[in-house]
file target.txt (compact mmCIF, C-alpha atoms)
# COMPACT_ATOMS: atom_id res chain seq x y z
CA MET R 299 39.76 59.50 -97.20
CA SER R 300 38.41 56.05 -97.95
CA THR R 301 40.21 52.88 -96.94
CA GLU R 302 37.97 50.78 -99.15
CA LYS R 303 39.88 48.77 -101.72
CA LYS R 304 39.00 49.44 -105.33
CA PRO R 305 37.86 46.24 -107.06
CA LYS R 306 40.55 44.72 -109.28
CA ASN R 307 39.85 43.96 -112.90
CA VAL R 308 39.25 40.22 -113.13
CA PHE R 309 38.75 40.18 -116.89
CA VAL R 310 41.29 39.30 -119.55
CA GLN R 311 40.76 39.50 -123.30
CA GLY R 312 40.48 36.09 -124.93
CA PRO R 313 41.47 32.71 -123.50
CA ILE R 314 43.58 32.17 -120.40
CA THR R 315 46.78 30.46 -121.46
CA PRO R 316 48.60 27.59 -119.72
CA GLU R 317 51.65 29.89 -119.61
CA LYS R 318 49.75 32.47 -117.58
CA ILE R 319 48.76 29.71 -115.16
CA ALA R 320 52.37 28.48 -114.89
CA THR R 321 53.60 32.02 -114.22
CA SER R 322 51.01 32.46 -111.52
CA ILE R 323 52.02 29.16 -109.86
CA ALA R 324 55.71 30.08 -110.07
CA HIS R 325 55.06 33.40 -108.29
CA HIS R 326 53.91 31.45 -105.24
CA GLN R 327 57.15 29.56 -104.73
CA VAL R 328 58.57 32.35 -102.58
CA LYS R 329 55.62 31.99 -100.20
CA THR R 330 56.93 29.18 -98.05
CA ASN R 331 53.98 29.24 -95.64
CA ILE R 332 51.79 27.70 -98.37
CA GLY R 333 51.21 23.94 -98.16
CA GLY R 334 48.51 23.50 -100.80
CA HIS R 335 47.06 25.15 -103.87
CA ASP R 336 43.74 24.34 -105.49
CA ILE R 337 43.17 25.54 -109.04
CA PHE R 338 39.91 25.37 -110.95
CA LEU R 339 39.94 25.91 -114.71
CA GLY R 340 36.78 26.33 -116.71
CA GLN R 341 37.18 25.12 -120.29
CA VAL R 342 34.82 25.75 -123.20
CA ARG R 343 33.11 22.54 -124.30
CA ALA R 344 32.23 21.73 -127.91
CA ASP R 345 28.69 20.83 -126.85
CA GLU R 346 26.26 19.56 -129.42
CA ILE R 347 22.98 21.49 -129.30
CA ASP R 348 20.17 20.56 -131.71
CA GLY R 349 22.64 18.87 -134.05
CA LYS R 350 25.09 21.78 -134.16
CA THR R 351 28.48 21.90 -132.44
CA VAL R 352 29.67 24.82 -130.33
CA SER R 353 32.97 26.12 -131.71
CA ALA R 354 33.49 29.04 -129.29
CA ILE R 355 31.88 31.14 -126.61
CA ASP R 356 31.89 34.91 -126.98
CA TYR R 357 31.86 36.35 -123.45
CA THR R 358 30.52 39.74 -122.47
CA ALA R 359 29.96 41.15 -119.00
CA TYR R 360 28.42 44.03 -117.14
CA GLU R 361 31.97 44.85 -116.17
CA GLU R 362 31.52 47.40 -113.37
CA MET R 363 28.97 45.21 -111.60
CA ALA R 364 30.95 42.04 -112.29
CA ASN R 365 34.20 43.42 -110.86
CA GLN R 366 32.30 44.71 -107.82
CA THR R 367 30.68 41.28 -107.35
CA PHE R 368 34.02 39.47 -107.78
CA HIS R 369 35.41 41.79 -105.13
CA GLU R 370 32.60 40.95 -102.68
CA ILE R 371 32.98 37.22 -103.36
CA ARG R 372 36.75 37.46 -102.74
CA GLU R 373 36.24 39.34 -99.47
CA ALA R 374 33.68 36.77 -98.31
CA ALA R 375 36.06 33.91 -99.13
CA PHE R 376 38.92 35.56 -97.20
CA GLU R 377 36.53 35.80 -94.23
CA LYS R 378 35.35 32.19 -94.45
CA PHE R 379 38.63 30.40 -95.18
CA ASP R 380 42.18 30.71 -93.92
CA LEU R 381 43.86 31.60 -97.20
CA THR R 382 47.32 32.85 -98.07
CA CYS R 383 46.44 33.89 -101.64
CA MET R 384 43.51 34.09 -104.01
CA HIS R 385 43.46 34.88 -107.73
CA ILE R 386 40.54 34.96 -110.16
CA TYR R 387 40.61 35.61 -113.91
CA HIS R 388 37.76 35.42 -116.38
CA SER R 389 37.85 35.79 -120.14
CA LEU R 390 36.00 38.33 -122.25
CA GLY R 391 35.56 38.01 -126.00
CA ARG R 392 36.05 34.85 -128.01
CA VAL R 393 37.25 31.66 -126.34
CA ASN R 394 37.38 28.61 -128.60
CA ALA R 395 36.26 25.14 -127.55
CA GLY R 396 39.12 23.55 -125.60
CA GLU R 397 40.42 26.90 -124.36
CA ILE R 398 40.24 28.15 -120.79
CA CYS R 399 37.79 30.90 -119.79
CA LEU R 400 38.00 30.83 -115.96
CA PHE R 401 41.01 30.50 -113.65
CA VAL R 402 40.41 30.34 -109.89
CA PHE R 403 43.50 29.81 -107.74
CA THR R 404 43.62 29.65 -103.94
CA SER R 405 46.49 28.80 -101.62
CA SER R 406 46.60 27.95 -97.92
CA ALA R 407 48.83 26.40 -95.27
CA HIS R 408 46.61 23.31 -95.09
CA ARG R 409 44.70 21.69 -97.93
CA LYS R 410 41.21 21.92 -96.44
CA ASP R 411 41.01 25.69 -96.81
CA CYS R 412 42.09 25.91 -100.45
CA PHE R 413 39.84 23.01 -101.46
CA GLU R 414 36.79 24.57 -99.87
CA ALA R 415 37.61 28.10 -100.99
CA THR R 416 38.06 27.26 -104.66
CA ARG R 417 34.81 25.37 -104.77
CA TYR R 418 32.99 28.15 -102.93
CA LEU R 419 34.40 30.77 -105.31
CA VAL R 420 33.42 28.86 -108.44
CA GLU R 421 29.84 28.33 -107.23
CA GLU R 422 29.54 31.98 -106.27
CA ILE R 423 30.96 33.16 -109.59
CA LYS R 424 28.57 30.97 -111.58
CA THR R 425 25.49 32.26 -109.78
CA LYS R 426 26.28 35.88 -108.89
CA VAL R 427 28.53 37.44 -111.53
CA PRO R 428 26.89 39.10 -114.56
CA VAL R 429 28.84 37.41 -117.34
CA PHE R 430 27.05 36.37 -120.52
CA GLY R 431 28.08 33.73 -123.00
CA LYS R 432 27.13 33.53 -126.66
CA GLU R 433 27.72 29.97 -127.85
CA VAL R 434 28.79 30.26 -131.46
CA PHE R 435 28.26 27.25 -133.73
CA GLU R 436 30.45 26.15 -136.58
CA ASP R 437 27.99 27.58 -139.11
CA GLY R 438 28.11 31.03 -137.48
CA SER R 439 24.68 30.84 -135.82
CA HIS R 440 24.49 31.09 -132.05
CA THR R 441 22.59 30.43 -128.85
CA TRP R 442 22.95 31.82 -125.32
CA LYS R 443 24.55 29.85 -122.52
CA GLU R 444 22.84 29.66 -119.14
CA ASN R 445 24.49 28.42 -115.93
CA LYS R 446 22.75 25.70 -113.97
CA MET H 321 47.01 -13.44 -121.08
CA SER H 322 46.22 -10.82 -118.49
CA THR H 323 44.16 -7.76 -119.32
CA GLU H 324 45.16 -6.07 -116.09
CA LYS H 325 46.83 -2.71 -116.60
CA LYS H 326 50.34 -2.37 -115.26
CA PRO H 327 50.55 0.49 -112.72
CA LYS H 328 52.13 3.63 -114.16
CA ASN H 329 55.07 5.26 -112.45
CA VAL H 330 53.71 8.25 -110.53
CA PHE H 331 57.10 9.38 -109.24
CA VAL H 332 59.32 12.10 -110.63
CA GLN H 333 62.79 13.01 -109.39
CA GLY H 334 62.87 16.34 -107.58
CA PRO H 335 60.26 19.10 -107.61
CA ILE H 336 57.33 19.34 -110.03
CA THR H 337 57.82 22.47 -112.12
CA PRO H 338 55.19 25.04 -113.14
CA GLU H 339 56.24 24.31 -116.75
CA LYS H 340 55.29 20.64 -116.37
CA ILE H 341 51.90 21.72 -115.05
CA ALA H 342 51.40 24.13 -117.96
CA THR H 343 52.31 21.42 -120.48
CA SER H 344 49.87 19.05 -118.87
CA ILE H 345 47.08 21.66 -119.00
CA ALA H 346 47.89 22.47 -122.65
CA HIS H 347 47.59 18.78 -123.60
CA HIS H 348 43.95 18.89 -122.55
CA GLN H 349 42.92 21.63 -124.95
CA VAL H 350 42.21 19.09 -127.68
CA LYS H 351 39.69 17.37 -125.40
CA THR H 352 36.67 19.51 -126.11
CA ASN H 353 34.32 17.42 -123.98
CA ILE H 354 36.02 18.78 -120.85
CA GLY H 355 34.25 21.64 -119.03
CA GLY H 356 36.29 21.82 -115.85
CA HIS H 357 39.67 20.92 -114.42
CA ASP H 358 40.60 20.81 -110.76
CA ILE H 359 44.28 20.80 -109.86
CA PHE H 360 45.72 20.29 -106.40
CA LEU H 361 49.37 21.16 -105.80
CA GLY H 362 51.17 20.19 -102.62
CA GLN H 363 53.96 22.64 -101.77
CA VAL H 364 56.71 22.15 -99.19
CA ARG H 365 56.29 24.53 -96.26
CA ALA H 366 59.18 26.12 -94.37
CA ASP H 367 57.62 25.03 -91.08
CA GLU H 368 59.29 26.00 -87.85
CA ILE H 369 59.75 22.99 -85.57
CA ASP H 370 61.36 23.46 -82.14
CA GLY H 371 62.96 26.70 -83.27
CA LYS H 372 64.42 25.30 -86.50
CA THR H 373 63.14 26.00 -90.00
CA VAL H 374 62.48 23.29 -92.59
CA SER H 375 64.49 24.03 -95.74
CA ALA H 376 63.50 20.94 -97.77
CA ILE H 377 61.81 17.57 -97.65
CA ASP H 378 63.68 14.54 -98.90
CA TYR H 379 61.05 12.08 -100.18
CA THR H 380 61.47 8.32 -100.36
CA ALA H 381 58.85 5.70 -101.12
CA TYR H 382 58.23 1.99 -101.14
CA GLU H 383 57.91 2.43 -104.88
CA GLU H 384 56.37 -0.88 -105.99
CA MET H 385 53.71 -0.72 -103.29
CA ALA H 386 53.17 3.01 -103.80
CA ASN H 387 52.64 2.69 -107.56
CA GLN H 388 50.29 -0.23 -106.95
CA THR H 389 48.36 1.82 -104.39
CA PHE H 390 48.22 4.87 -106.68
CA HIS H 391 46.84 2.55 -109.36
CA GLU H 392 44.08 1.27 -107.05
CA ILE H 393 43.20 4.79 -105.93
CA ARG H 394 42.99 5.91 -109.56
CA GLU H 395 40.74 3.00 -110.50
CA ALA H 396 38.47 3.70 -107.52
CA ALA H 397 38.21 7.36 -108.50
CA PHE H 398 37.30 6.49 -112.11
CA GLU H 399 34.54 4.27 -110.67
CA LYS H 400 33.21 6.91 -108.29
CA PHE H 401 33.35 10.01 -110.48
CA ASP H 402 32.57 10.75 -114.12
CA LEU H 403 36.03 11.83 -115.23
CA THR H 404 37.56 12.49 -118.61
CA CYS H 405 41.17 12.49 -117.40
CA MET H 406 43.21 11.96 -114.27
CA HIS H 407 46.92 12.58 -113.67
CA ILE H 408 48.96 12.17 -110.51
CA TYR H 409 52.64 12.97 -109.98
CA HIS H 410 54.63 12.82 -106.75
CA SER H 411 58.22 13.85 -106.14
CA LEU H 412 61.05 11.69 -104.90
CA GLY H 413 64.30 13.08 -103.54
CA ARG H 414 64.88 16.63 -102.43
CA VAL H 415 62.12 19.24 -102.78
CA ASN H 416 62.95 22.66 -101.33
CA ALA H 417 60.52 24.77 -99.33
CA GLY H 418 58.28 26.60 -101.80
CA GLU H 419 58.60 23.88 -104.43
CA ILE H 420 55.85 21.50 -105.50
CA CYS H 421 55.88 17.83 -104.46
CA LEU H 422 52.40 16.63 -105.47
CA PHE H 423 50.35 17.34 -108.61
CA VAL H 424 46.83 15.91 -108.83
CA PHE H 425 44.86 16.88 -111.94
CA THR H 426 41.34 15.75 -112.84
CA SER H 427 39.06 16.82 -115.68
CA SER H 428 35.38 16.29 -116.30
CA ALA H 429 32.48 17.58 -118.37
CA HIS H 430 30.91 19.21 -115.31
CA ARG H 431 32.70 20.79 -112.37
CA LYS H 432 31.21 18.65 -109.60
CA ASP H 433 33.08 15.52 -110.66
CA CYS H 434 36.55 17.04 -110.91
CA PHE H 435 36.13 18.93 -107.63
CA GLU H 436 35.12 15.80 -105.74
CA ALA H 437 37.63 13.55 -107.47
CA THR H 438 40.67 15.73 -106.78
CA ARG H 439 39.79 16.04 -103.14
CA TYR H 440 39.13 12.30 -102.86
CA LEU H 441 42.45 11.51 -104.52
CA VAL H 442 44.47 13.80 -102.27
CA GLU H 443 42.90 12.36 -99.09
CA GLU H 444 43.49 8.82 -100.31
CA ILE H 445 47.09 9.56 -101.28
CA LYS H 446 47.85 11.13 -97.90
CA THR H 447 46.54 8.14 -95.95
CA LYS H 448 47.27 5.12 -98.16
CA VAL H 449 50.45 5.63 -100.16
CA PRO H 450 53.79 4.61 -98.59
CA VAL H 451 55.74 7.81 -99.15
CA PHE H 452 58.11 9.05 -96.44
CA GLY H 453 59.35 12.58 -95.89
CA LYS H 454 62.53 13.62 -94.15
CA GLU H 455 62.19 17.28 -93.17
CA VAL H 456 65.67 18.73 -93.45
CA PHE H 457 66.48 21.84 -91.40
CA GLU H 458 68.77 24.66 -92.39
CA ASP H 459 71.50 23.32 -90.08
CA GLY H 460 71.43 19.89 -91.75
CA SER H 461 69.62 18.08 -88.94
CA HIS H 462 66.27 16.49 -89.70
CA THR H 463 62.96 15.14 -88.44
CA TRP H 464 60.34 12.87 -90.06
CA LYS H 465 57.09 14.23 -91.42
CA GLU H 466 53.84 12.51 -90.55
CA ASN H 467 50.50 13.12 -92.33
CA LYS H 468 47.51 14.01 -90.21
CA MET P 296 62.24 -19.44 -92.20
CA LYS P 297 64.52 -16.72 -93.47
CA LEU P 298 62.63 -13.52 -94.33
CA ASN P 299 63.91 -10.55 -96.27
CA VAL P 300 62.62 -7.38 -94.67
CA LYS P 301 62.63 -3.84 -96.10
CA TYR P 302 62.82 -0.83 -93.82
CA PHE P 303 61.74 2.70 -94.77
CA GLY P 304 62.07 6.25 -93.51
CA MET P 305 62.77 6.66 -89.82
CA ILE P 306 62.64 2.91 -89.31
CA ALA P 307 65.45 2.39 -91.83
CA GLU P 308 67.34 5.02 -89.87
CA TRP P 309 66.79 3.13 -86.59
CA ALA P 310 67.65 -0.19 -88.21
CA GLY P 311 70.77 1.30 -89.74
CA SER P 312 69.80 -0.29 -93.06
CA GLU P 313 67.09 -0.46 -95.70
CA ASN P 314 67.15 -4.24 -95.89
CA GLY P 315 67.49 -6.93 -93.28
CA GLN P 316 67.26 -10.66 -92.99
CA LEU P 317 65.35 -12.24 -90.17
CA ASP P 318 65.19 -15.82 -88.97
CA PHE P 319 61.50 -16.09 -88.19
CA SER P 320 59.99 -19.06 -86.37
CA GLY P 321 56.40 -17.75 -86.08
CA THR P 322 53.55 -17.58 -88.59
CA SER P 323 51.52 -14.39 -88.02
CA VAL P 324 52.18 -10.72 -88.53
CA ALA P 325 51.64 -10.24 -84.77
CA GLU P 326 54.53 -12.61 -84.07
CA LEU P 327 56.66 -10.85 -86.65
CA ARG P 328 56.00 -7.54 -84.86
CA CYS P 329 57.38 -8.99 -81.61
CA GLU P 330 60.41 -10.34 -83.38
CA ILE P 331 61.22 -7.10 -85.16
CA GLU P 332 60.60 -4.92 -82.12
CA LYS P 333 63.29 -6.91 -80.30
CA ARG P 334 65.80 -5.98 -82.99
CA ILE P 335 65.01 -2.35 -83.67
CA PRO P 336 65.30 -0.05 -80.68
CA GLY P 337 62.40 2.41 -80.37
CA LEU P 338 60.06 0.51 -82.67
CA ASN P 339 57.87 -0.87 -79.86
CA SER P 340 56.79 2.63 -78.90
CA ALA P 341 56.41 3.82 -82.50
CA SER P 342 53.46 3.80 -84.88
CA TYR P 343 54.17 1.58 -87.89
CA GLN P 344 52.52 -0.84 -90.29
CA ILE P 345 53.70 -4.09 -91.83
CA ALA P 346 53.10 -4.69 -95.53
CA VAL P 347 53.12 -8.24 -96.87
CA ASN P 348 53.51 -8.43 -100.65
CA HIS P 349 52.75 -4.69 -101.06
CA VAL P 350 49.57 -4.74 -98.99
CA VAL P 351 49.22 -3.53 -95.39
CA ALA P 352 48.62 -6.67 -93.31
CA ALA P 353 46.49 -7.17 -90.20
CA ASN P 354 48.03 -8.79 -87.13
CA GLU P 355 46.23 -12.07 -87.90
CA ALA P 356 47.67 -12.38 -91.42
CA ILE P 357 49.89 -15.38 -92.06
CA ILE P 358 53.41 -15.07 -93.38
CA THR P 359 54.86 -17.67 -95.71
CA LEU P 360 58.32 -18.19 -97.12
CA GLY P 361 59.09 -15.87 -100.00
CA ASP P 362 56.70 -13.12 -98.91
CA GLU P 363 57.97 -9.59 -99.36
CA ILE P 364 57.89 -7.94 -95.95
CA ALA P 365 58.16 -4.17 -95.39
CA ILE P 366 58.11 -2.15 -92.18
CA LEU P 367 56.43 1.20 -92.84
CA PRO P 368 56.59 4.28 -90.63
CA PRO P 369 53.78 6.89 -90.89
CA PHE P 370 53.11 8.11 -94.41
CA ALA P 371 54.05 11.64 -95.44
CA GLY P 372 53.04 11.85 -99.10
CA GLY P 373 51.80 15.10 -100.59
CA MET V 105 11.69 60.51 -115.27
CA LYS V 106 14.12 59.61 -118.03
CA LEU V 107 16.11 56.45 -117.23
CA ASN V 108 19.18 55.17 -119.01
CA VAL V 109 18.96 51.40 -119.29
CA LYS V 110 21.71 48.95 -120.22
CA TYR V 111 20.91 45.67 -121.95
CA PHE V 112 23.15 42.61 -122.00
CA GLY V 113 23.50 39.30 -123.81
CA MET V 114 20.36 37.95 -125.41
CA ILE V 115 18.32 40.89 -124.11
CA ALA V 116 20.59 43.35 -125.92
CA GLU V 117 20.00 41.21 -128.99
CA TRP V 118 16.23 41.42 -128.56
CA ALA V 119 16.38 45.14 -127.83
CA GLY V 120 18.59 45.69 -130.86
CA SER V 121 20.88 47.81 -128.67
CA GLU V 122 23.03 47.77 -125.55
CA ASN V 123 21.64 51.06 -124.25
CA GLY V 124 18.21 52.53 -124.21
CA GLN V 125 16.37 55.46 -122.75
CA LEU V 126 13.03 55.00 -121.06
CA ASP V 127 10.45 57.53 -119.95
CA PHE V 128 9.38 55.96 -116.64
CA SER V 129 6.44 57.20 -114.62
CA GLY V 130 6.48 54.52 -111.91
CA THR V 131 8.62 54.11 -108.81
CA SER V 132 9.30 50.40 -108.20
CA VAL V 133 11.34 47.75 -109.99
CA ALA V 134 8.09 45.81 -110.50
CA GLU V 135 6.66 48.71 -112.45
CA LEU V 136 9.86 49.04 -114.43
CA ARG V 137 9.56 45.35 -115.38
CA CYS V 138 6.11 45.97 -116.85
CA GLU V 139 7.34 48.97 -118.74
CA ILE V 140 10.34 47.22 -120.22
CA GLU V 141 8.43 44.07 -121.11
CA LYS V 142 6.14 46.21 -123.26
CA ARG V 143 9.13 47.39 -125.25
CA ILE V 144 11.21 44.25 -125.68
CA PRO V 145 9.48 41.38 -127.42
CA GLY V 146 10.03 38.01 -125.70
CA LEU V 147 11.14 39.48 -122.39
CA ASN V 148 7.88 38.74 -120.55
CA SER V 149 8.39 35.00 -121.01
CA ALA V 150 12.16 35.11 -120.27
CA SER V 151 14.09 34.78 -117.05
CA TYR V 152 15.95 38.00 -116.25
CA GLN V 153 17.03 40.22 -113.36
CA ILE V 154 17.18 43.98 -112.96
CA ALA V 155 20.23 45.56 -111.38
CA VAL V 156 20.00 49.02 -109.86
CA ASN V 157 23.36 50.69 -109.30
CA HIS V 158 25.25 47.38 -109.83
CA VAL V 159 23.14 45.37 -107.38
CA VAL V 160 20.35 42.95 -108.28
CA ALA V 161 17.13 44.60 -107.10
CA ALA V 162 13.98 43.04 -105.68
CA ASN V 163 10.61 43.96 -107.20
CA GLU V 164 9.84 46.24 -104.24
CA ALA V 165 13.00 48.33 -104.67
CA ILE V 166 12.47 52.00 -105.48
CA ILE V 167 14.03 53.63 -108.51
CA THR V 168 15.13 57.23 -108.41
CA LEU V 169 16.42 59.61 -111.06
CA GLY V 170 20.07 58.97 -111.92
CA ASP V 171 20.06 55.29 -110.94
CA GLU V 172 22.03 53.00 -113.25
CA ILE V 173 19.58 50.39 -114.51
CA ALA V 174 20.65 47.14 -116.20
CA ILE V 175 18.57 44.29 -117.56
CA LEU V 176 20.44 41.01 -117.07
CA PRO V 177 19.71 37.72 -118.78
CA PRO V 178 20.84 34.46 -117.06
CA PHE V 179 24.49 34.40 -116.09
CA ALA V 180 26.94 32.19 -117.95
CA GLY V 181 30.30 32.88 -116.31
CA GLY V 182 32.90 30.17 -116.00

call {"tool": "encode", "arguments": {"input": "target.txt", "output": "structure tokens"}}
result
Amino acid sequence: MSTEKKPKNVFVQGPITPEKIATSIAHHQVKTNIGGHDIFLGQVRADEIDGKTVSAIDYTAYEEMANQTFHEIREAAFEKFDLTCMHIYHSLGRVNAGEICLFVFTSSAHRKDCFEATRYLVEEIKTKVPVFGKEVFEDGSHTWKENK
Amino acid sequence: MSTEKKPKNVFVQGPITPEKIATSIAHHQVKTNIGGHDIFLGQVRADEIDGKTVSAIDYTAYEEMANQTFHEIREAAFEKFDLTCMHIYHSLGRVNAGEICLFVFTSSAHRKDCFEATRYLVEEIKTKVPVFGKEVFEDGSHTWKENK
Amino acid sequence: MKLNVKYFGMIAEWAGSENGQLDFSGTSVAELRCEIEKRIPGLNSASYQIAVNHVVAANEAIITLGDEIAILPPFAGG
Amino acid sequence: MKLNVKYFGMIAEWAGSENGQLDFSGTSVAELRCEIEKRIPGLNSASYQIAVNHVVAANEAIITLGDEIAILPPFAGG
């Protein structure tokens, strides 16, 4: 009998909507030990690359490995910071410029923990999670995004 | 003729709702030069103080000075960080435990700026803005909150 | 000179009012502190700041007729 | 041994497929790199990582039959 938690599925199809974010915030109003929330939202930019404008990013992932890595990152953050709650969602498939592709949400009694945790999580996600982004231009051609 | 901007009114009556936050996020989806948003939400805690539980905070402010100070903090943040947008809202009046009293929202092309700006803004607000909080207990008695 | 003084938060509670008038014969913020502490019980052992015309003022700052004076208890924003 | 290999992102594009099978006679990840670079044009001058059983593997790591192999181009999450 294993007590290990199965990794949750972090991925959602398509963009993350403002309504989903509002619902998630509202769910925390019963948790009256929370004093601060820090939310990071990644939004797709209409970057200009070699004279062409990005109209969307088409996300794919090595899902089993990505969910396992998200799980490890979450566990590490719970160890490092005194958090009440932590939620992470990432898009798969097409996300248009201006839409949200990443939602990282941490909550804590005091602001220091949520501030540091959200930043830690975003940096870890960018460097460790196997998610791939095809930047699609207005003319249908594409290039591949690479995190710095 | 003065070119100085008049300070905006940062205050809203009562709690800040998840719907207001969602609307604010949605308004940024036309700004396709944004790559990251960082949102801090302050939430009223049901702290236990000398055996009594806080049920709400009743916020008052020296409004003219507070709006002037918010304005200066905003201008300083725009100087220090490369931001696309910045929004700050603070509650006045009664905010129940679990409800949101502060909403700080910054957006930038790259994540570093919004992360640093939101944190800077929250620290500045906590130390410089004349807002006062009466912590009301369940039995109707009260004490006065003090930022650390 | 007659000064209009605003009180906030716990200090308004101690003063029993959000506005007061003070007949002030001094010139500096330090002197104003002494004057106000005589009138508001508890203030001399409390932590508070004085704002003159919406800006927190040092003890050396000079007060002139018509200035907007506010007595500010510790901040609790956010 | 026969290895099943997954390709992602731009590497899947270069490989023309998201899955491939490879007859591998070596033992280490370094050897696997050489083998795969022979098959996928452009890969030898690209930046990529190899995951073995969902974990990024160093060049010295040993590959055994049944391992899940994935060839990962640079990450772009967030």

call {"tool": "closest_residue", "arguments": {"input": "target.txt", "among": "H:Gly356, H:Lys448, H:Glu455, H:Phe425", "to": "chain V", "atoms": "all atoms listed in the file"}}
result
H:Gly356

call {"tool": "interface_residues", "arguments": {"input": "target.txt", "of": "chain R", "to": "chain P", "cutoff": "12 Å", "atoms": "only C-alpha atoms", "output": "ChimeraX atom specification"}}
result
/R:333-335,408-409

call {"tool": "closest_residue", "arguments": {"input": "target.txt", "among": "V:Asn123, V:Lys110, V:Ile175, V:Ile166", "to": "Glu141 of chain V", "atoms": "only C-alpha atoms"}}
result
V:Ile175

call {"tool": "atom_distance", "arguments": {"input": "target.txt", "atom1": "atom CA of Thr463 of chain H", "atom2": "atom CA of Tyr382 of chain H"}}
result
18.9 Å

call {"tool": "closest_residue", "arguments": {"input": "target.txt", "among": "R:Glu436, R:Asp345, R:Glu361, R:Asp380", "to": "chain H", "atoms": "only C-alpha atoms"}}
result
R:Asp345

call {"tool": "residues_around", "arguments": {"input": "target.txt", "residues": "Val300 of chain P", "least_positions_apart": "3", "cutoff": "6 Å", "atoms": "only C-alpha atoms", "output": "list in words"}}
result
Asn314, Gly315, Gln316, Ile364 and Ala365 of chain P

call {"tool": "atom_distance", "arguments": {"input": "target.txt", "atom1": "atom CA of Cys383 of chain R", "atom2": "atom CA of Gln327 of chain R"}}
result
12.0 Å

call {"tool": "closest_atom_pairs", "arguments": {"input": "target.txt", "of": "chain R", "to": "chain H", "cutoff": "8 Å", "atoms": "all atoms listed in the file", "output": "JSON lines"}}
result
{"residue": "R:Pro316", "atom": "CA", "partner": "H:Ala342", "partner_atom": "CA", "distance": 4.8}
{"residue": "R:Glu317", "atom": "CA", "partner": "H:Ala342", "partner_atom": "CA", "distance": 6.0}
{"residue": "R:Ile319", "atom": "CA", "partner": "H:Ala342", "partner_atom": "CA", "distance": 6.8}
{"residue": "R:Ala320", "atom": "CA", "partner": "H:Pro338", "partner_atom": "CA", "distance": 4.8}
{"residue": "R:Thr321", "atom": "CA", "partner": "H:Pro338", "partner_atom": "CA", "distance": 7.2}
{"residue": "R:Ile323", "atom": "CA", "partner": "H:Pro338", "partner_atom": "CA", "distance": 6.1}
{"residue": "R:Ala324", "atom": "CA", "partner": "H:Pro338", "partner_atom": "CA", "distance": 5.9}
{"residue": "R:His326", "atom": "CA", "partner": "H:Gly418", "partner_atom": "CA", "distance": 7.4}
{"residue": "R:Gln327", "atom": "CA", "partner": "H:Gly418", "partner_atom": "CA", "distance": 4.3}
{"residue": "R:Val328", "atom": "CA", "partner": "H:Gly418", "partner_atom": "CA", "distance": 5.8}
{"residue": "R:Lys329", "atom": "CA", "partner": "H:Gly418", "partner_atom": "CA", "distance": 6.2}
{"residue": "R:Thr330", "atom": "CA", "partner": "H:Gly418", "partner_atom": "CA", "distance": 4.7}
{"residue": "R:Asn331", "atom": "CA", "partner": "H:Arg365", "partner_atom": "CA", "distance": 5.3}
{"residue": "R:Ile332", "atom": "CA", "partner": "H:Arg365", "partner_atom": "CA", "distance": 5.9}
{"residue": "R:Gly333", "atom": "CA", "partner": "H:Gln363", "partner_atom": "CA", "distance": 4.7}
{"residue": "R:Gly334", "atom": "CA", "partner": "H:Gly362", "partner_atom": "CA", "distance": 4.6}
{"residue": "R:His335", "atom": "CA", "partner": "H:Leu361", "partner_atom": "CA", "distance": 5.0}
{"residue": "R:Asp336", "atom": "CA", "partner": "H:Phe360", "partner_atom": "CA", "distance": 4.6}
{"residue": "R:Ile337", "atom": "CA", "partner": "H:Ile359", "partner_atom": "CA", "distance": 4.9}
{"residue": "R:Phe338", "atom": "CA", "partner": "H:Asp358", "partner_atom": "CA", "distance": 4.6}
{"residue": "R:Leu339", "atom": "CA", "partner": "H:His357", "partner_atom": "CA", "distance": 5.0}
{"residue": "R:Gly340", "atom": "CA", "partner": "H:Gly356", "partner_atom": "CA", "distance": 4.6}
{"residue": "R:Gln341", "atom": "CA", "partner": "H:Gly355", "partner_atom": "CA", "distance": 4.7}
{"residue": "R:Val342", "atom": "CA", "partner": "H:Gly355", "partner_atom": "CA", "distance": 5.9}
{"residue": "R:Arg343", "atom": "CA", "partner": "H:Thr352", "partner_atom": "CA", "distance": 5.0}
{"residue": "R:Ala344", "atom": "CA", "partner": "H:Thr352", "partner_atom": "CA", "distance": 5.3}
{"residue": "R:Asp345", "atom": "CA", "partner": "H:Asn353", "partner_atom": "CA", "distance": 7.2}
{"residue": "R:Ala395", "atom": "CA", "partner": "H:Thr352", "partner_atom": "CA", "distance": 5.8}
{"residue": "R:Gly396", "atom": "CA", "partner": "H:Gln349", "partner_atom": "CA", "distance": 4.3}
{"residue": "R:Glu397", "atom": "CA", "partner": "H:Gln349", "partner_atom": "CA", "distance": 5.9}
{"residue": "R:Ala407", "atom": "CA", "partner": "H:Arg365", "partner_atom": "CA", "distance": 7.8}
{"residue": "R:Phe413", "atom": "CA", "partner": "H:Arg439", "partner_atom": "CA", "distance": 7.2}
{"residue": "R:Arg417", "atom": "CA", "partner": "H:Phe435", "partner_atom": "CA", "distance": 7.2}

call {"tool": "residues_near_point", "arguments": {"input": "target.txt", "point": "(50.8, -5.5, -102.6)", "cutoff": "7 Å", "atoms": "all atoms listed in the file", "output": "number ranges by chain"}}
result
H: 385, 388; P: 347-350

call {"tool": "atom_distance", "arguments": {"input": "target.txt", "atom1": "atom CA of Ala359 of chain R", "atom2": "atom CA of Asp411 of chain R"}}
result
29.2 Å
